[in-house]
Amino acid sequence: MARVYLSLGSNLDPQRYLPAAVRELRERFGELTVSPAYRSKSVGFDGADFVNLAVGLDTDLPPEALNDWLHALEDRHGRRRDVPRYADRTLDVDIVFYDALVLDGPGHLQIPRKELRHAFVLRPIADIAPALRHPVSGRSMAELWAAFPAASEPLQVEPLAD
């Protein structure tokens, strides 16, 4: 089994789509570690605020199969793929870490995700896995978050319905 950390985000009805995605992940993978959710400004385009959270889970799926399953999850929740890559979305789910794997693969499969340089990905993972070490830099998530210029990308805790 591999330990995997995912980043989930939505800026179109996140109160609906994020809890629904967490429920489906729990149904498929069992016990999850779920971070608080955070509201932040959209990055890469001018859009509504995003709400993001992180999930830790164990899986026996290889990264490519997990990525395919996550794309299907996004699609079941109205993710449109006929719009620009940086656009409003109902659900965005990315594999940030898959054990200590470093991979650049098909379908935007990049592990660890470069978006870890943003507060909306780093903070939720640091919340649930502070001792997790980045497979390239060797720094823990707690160390990376402590060094992050948090004022540059403000986050606000966003309660989600269960």
# chains A, B, ... in the order shown; residues from 1 in each chain; ligands from 1
$ residues_around --residues "range 123-131 of chain A" --least-positions-apart "5" --cutoff "12 Å" --atoms "only C-alpha atoms" --output "JSON, numbers by chain"
{"A": [3, 4, 5, 6, 7, 8, 9, 32, 33, 34, 35, 36, 37, 38, 39, 40, 51, 52, 53, 54, 55, 56, 57, 95, 96, 97, 115, 116, 117, 118, 138, 139, 140, 141, 142, 143, 144, 145, 146, 147, 148, 149, 150, 153, 154, 155, 156, 157, 158]}
$ select_by_dssp --residues "chain A" --states "helix (DSSP H, G or I)" --output "ChimeraX atom specification"
/A:14-29,63-76,114-117,119-128,141-147,150-152
$ atom_distance --atom1 "CA of Leu160 in chain A" --atom2 "CA of Tyr17 in chain A"
10.1 Å
$ closest_residue --among "A:Arg133, A:Arg89, A:Lys41, A:His108" --to "Asp75 in chain A" --atoms "only C-alpha atoms"
A:Arg89
$ atom_distance --atom1 "CA of Pro63 in chain A" --atom2 "CA of Val121 in chain A"
18.9 Å
$ select_by_dssp --residues "range 12-145 of chain A" --states "strand (DSSP E)" --output "PDB file with N, CA and C atoms, in the first residue's frame"
ATOM      1  N   THR A  33      -7.414  10.846   6.121  1.00  0.00           N
ATOM      2  CA  THR A  33      -7.018  11.971   6.949  1.00  0.00           C
ATOM      3  C   THR A  33      -7.395  13.212   6.151  1.00  0.00           C
ATOM      4  N   VAL A  34      -8.227  14.077   6.728  1.00  0.00           N
ATOM      5  CA  VAL A  34      -8.741  15.243   5.997  1.00  0.00           C
ATOM      6  C   VAL A  34      -8.334  16.516   6.727  1.00  0.00           C
ATOM      7  N   TYR A  38      -9.581  25.664   3.275  1.00  0.00           N
ATOM      8  CA  TYR A  38      -9.135  27.054   3.262  1.00  0.00           C
ATOM      9  C   TYR A  38      -9.635  27.763   2.015  1.00  0.00           C
ATOM     10  N   ARG A  39     -10.093  28.978   2.197  1.00  0.00           N
ATOM     11  CA  ARG A  39     -10.495  29.847   1.080  1.00  0.00           C
ATOM     12  C   ARG A  39      -9.296  30.701   0.685  1.00  0.00           C
ATOM     13  N   SER A  40      -9.092  30.827  -0.642  1.00  0.00           N
ATOM     14  CA  SER A  40      -7.999  31.665  -1.152  1.00  0.00           C
ATOM     15  C   SER A  40      -8.391  32.232  -2.511  1.00  0.00           C
ATOM     16  N   PHE A  50     -11.225  30.115  -4.426  1.00  0.00           N
ATOM     17  CA  PHE A  50     -11.201  28.657  -4.323  1.00  0.00           C
ATOM     18  C   PHE A  50     -11.284  28.254  -2.865  1.00  0.00           C
ATOM     19  N   VAL A  51     -11.816  27.077  -2.630  1.00  0.00           N
ATOM     20  CA  VAL A  51     -11.729  26.425  -1.340  1.00  0.00           C
ATOM     21  C   VAL A  51     -10.932  25.152  -1.586  1.00  0.00           C
ATOM     22  N   ASN A  52      -9.872  24.952  -0.788  1.00  0.00           N
ATOM     23  CA  ASN A  52      -8.972  23.806  -0.955  1.00  0.00           C
ATOM     24  C   ASN A  52      -8.796  23.066   0.351  1.00  0.00           C
ATOM     25  N   LEU A  53      -8.534  21.785   0.245  1.00  0.00           N
ATOM     26  CA  LEU A  53      -8.199  20.956   1.384  1.00  0.00           C
ATOM     27  C   LEU A  53      -7.292  19.833   0.902  1.00  0.00           C
ATOM     28  N   ALA A  54      -6.734  19.097   1.847  1.00  0.00           N
ATOM     29  CA  ALA A  54      -5.881  17.951   1.518  1.00  0.00           C
ATOM     30  C   ALA A  54      -6.466  16.705   2.150  1.00  0.00           C
ATOM     31  N   VAL A  55      -6.206  15.578   1.504  1.00  0.00           N
ATOM     32  CA  VAL A  55      -6.641  14.276   1.993  1.00  0.00           C
ATOM     33  C   VAL A  55      -5.454  13.331   1.934  1.00  0.00           C
ATOM     34  N   GLY A  56      -5.258  12.575   2.999  1.00  0.00           N
ATOM     35  CA  GLY A  56      -4.268  11.504   3.022  1.00  0.00           C
ATOM     36  C   GLY A  56      -4.998  10.176   3.000  1.00  0.00           C
ATOM     37  N   LEU A  57      -4.510   9.242   2.187  1.00  0.00           N
ATOM     38  CA  LEU A  57      -5.144   7.930   2.087  1.00  0.00           C
ATOM     39  C   LEU A  57      -4.100   6.886   1.715  1.00  0.00           C
ATOM     40  N   ASP A  58      -4.474   5.629   1.894  1.00  0.00           N
ATOM     41  CA  ASP A  58      -3.638   4.502   1.483  1.00  0.00           C
ATOM     42  C   ASP A  58      -4.306   3.820   0.312  1.00  0.00           C
ATOM     43  N   THR A  59      -3.502   3.428  -0.689  1.00  0.00           N
ATOM     44  CA  THR A  59      -4.055   2.771  -1.870  1.00  0.00           C
ATOM     45  C   THR A  59      -3.086   1.734  -2.413  1.00  0.00           C
ATOM     46  N   ASP A  92     -11.342  19.891  -8.557  1.00  0.00           N
ATOM     47  CA  ASP A  92      -9.985  19.650  -9.044  1.00  0.00           C
ATOM     48  C   ASP A  92      -9.305  18.783  -7.987  1.00  0.00           C
ATOM     49  N   VAL A  93      -8.836  17.601  -8.391  1.00  0.00           N
ATOM     50  CA  VAL A  93      -8.180  16.693  -7.463  1.00  0.00           C
ATOM     51  C   VAL A  93      -6.840  16.294  -8.056  1.00  0.00           C
ATOM     52  N   ASP A  94      -5.764  16.563  -7.326  1.00  0.00           N
ATOM     53  CA  ASP A  94      -4.414  16.244  -7.789  1.00  0.00           C
ATOM     54  C   ASP A  94      -3.688  15.386  -6.773  1.00  0.00           C
ATOM     55  N   ILE A  95      -2.888  14.448  -7.284  1.00  0.00           N
ATOM     56  CA  ILE A  95      -1.980  13.684  -6.431  1.00  0.00           C
ATOM     57  C   ILE A  95      -0.780  14.587  -6.163  1.00  0.00           C
ATOM     58  N   VAL A  96      -0.553  14.935  -4.900  1.00  0.00           N
ATOM     59  CA  VAL A  96       0.595  15.781  -4.561  1.00  0.00           C
ATOM     60  C   VAL A  96       1.795  14.908  -4.204  1.00  0.00           C
ATOM     61  N   PHE A  97       1.556  13.879  -3.391  1.00  0.00           N
ATOM     62  CA  PHE A  97       2.608  12.921  -3.018  1.00  0.00           C
ATOM     63  C   PHE A  97       2.071  11.509  -3.152  1.00  0.00           C
ATOM     64  N   TYR A  98       2.930  10.610  -3.607  1.00  0.00           N
ATOM     65  CA  TYR A  98       2.639   9.179  -3.675  1.00  0.00           C
ATOM     66  C   TYR A  98       3.872   8.506  -3.103  1.00  0.00           C
ATOM     67  N   LEU A 103       7.830  11.708 -10.235  1.00  0.00           N
ATOM     68  CA  LEU A 103       7.320  11.243 -11.522  1.00  0.00           C
ATOM     69  C   LEU A 103       6.790  12.407 -12.346  1.00  0.00           C
ATOM     70  N   ASP A 104       7.096  12.402 -13.633  1.00  0.00           N
ATOM     71  CA  ASP A 104       6.438  13.261 -14.618  1.00  0.00           C
ATOM     72  C   ASP A 104       5.824  12.320 -15.631  1.00  0.00           C
ATOM     73  N   GLN A 110       2.102  14.725 -12.297  1.00  0.00           N
ATOM     74  CA  GLN A 110       3.381  15.250 -11.834  1.00  0.00           C
ATOM     75  C   GLN A 110       3.422  15.060 -10.322  1.00  0.00           C
ATOM     76  N   ILE A 111       4.373  14.242  -9.871  1.00  0.00           N
ATOM     77  CA  ILE A 111       4.491  13.933  -8.445  1.00  0.00           C
ATOM     78  C   ILE A 111       5.936  14.166  -8.034  1.00  0.00           C
TER      79      ILE A 111
END
$ decode --residues "range 27-87 of chain A" --atoms "C-alpha atoms" --output "short mmCIF file (atom, residue, chain, number, x, y, z; two decimals), in the first residue's frame"
data_model
loop_
_atom_site.label_atom_id
_atom_site.label_comp_id
_atom_site.auth_asym_id
_atom_site.auth_seq_id
_atom_site.Cartn_x
_atom_site.Cartn_y
_atom_site.Cartn_z
CA GLU A 27 -16.16 4.92 0.05
CA ARG A 28 -13.36 3.84 -2.31
CA PHE A 29 -10.26 4.02 -0.09
CA GLY A 30 -11.56 3.69 3.47
CA GLU A 31 -10.12 5.75 6.29
CA LEU A 32 -8.96 9.21 5.27
CA THR A 33 -7.02 11.97 6.95
CA VAL A 34 -8.74 15.24 6.00
CA SER A 35 -7.33 18.72 6.57
CA PRO A 36 -9.28 21.86 7.33
CA ALA A 37 -10.52 23.65 4.21
CA TYR A 38 -9.13 27.05 3.26
CA ARG A 39 -10.50 29.85 1.08
CA SER A 40 -8.00 31.67 -1.15
CA LYS A 41 -7.88 33.83 -4.25
CA SER A 42 -7.76 32.01 -7.57
CA VAL A 43 -4.26 31.57 -9.01
CA GLY A 44 -3.45 31.77 -12.72
CA PHE A 45 -6.73 33.42 -13.77
CA ASP A 46 -9.32 35.93 -12.59
CA GLY A 47 -12.06 33.85 -10.98
CA ALA A 48 -14.05 33.25 -7.84
CA ASP A 49 -12.20 32.31 -4.66
CA PHE A 50 -11.20 28.66 -4.32
CA VAL A 51 -11.73 26.42 -1.34
CA ASN A 52 -8.97 23.81 -0.95
CA LEU A 53 -8.20 20.96 1.38
CA ALA A 54 -5.88 17.95 1.52
CA VAL A 55 -6.64 14.28 1.99
CA GLY A 56 -4.27 11.50 3.02
CA LEU A 57 -5.14 7.93 2.09
CA ASP A 58 -3.64 4.50 1.48
CA THR A 59 -4.05 2.77 -1.87
CA ASP A 60 -2.87 -0.23 -3.79
CA LEU A 61 -3.52 1.53 -7.12
CA PRO A 62 -0.43 2.55 -9.08
CA PRO A 63 -0.15 6.33 -9.69
CA GLU A 64 -1.48 6.22 -13.26
CA ALA A 65 -4.57 4.19 -12.28
CA LEU A 66 -5.18 6.43 -9.27
CA ASN A 67 -4.90 9.50 -11.50
CA ASP A 68 -7.45 7.98 -13.92
CA TRP A 69 -9.82 7.23 -11.01
CA LEU A 70 -9.47 10.81 -9.74
CA HIS A 71 -10.17 12.23 -13.23
CA ALA A 72 -13.34 10.11 -13.34
CA LEU A 73 -14.28 11.47 -9.88
CA GLU A 74 -13.85 15.02 -11.18
CA ASP A 75 -15.95 14.19 -14.25
CA ARG A 76 -18.75 12.70 -12.10
CA HIS A 77 -18.90 16.03 -10.31
CA GLY A 78 -19.20 18.19 -13.40
CA ARG A 79 -15.56 18.94 -14.20
CA ARG A 80 -15.39 20.40 -17.69
CA ARG A 81 -12.39 19.64 -19.84
CA ASP A 82 -13.46 21.79 -22.82
CA VAL A 83 -12.40 25.03 -21.12
CA PRO A 84 -8.95 26.55 -20.55
CA ARG A 85 -6.77 24.70 -18.03
CA TYR A 86 -6.88 27.69 -15.66
CA ALA A 87 -10.61 28.27 -15.28
#
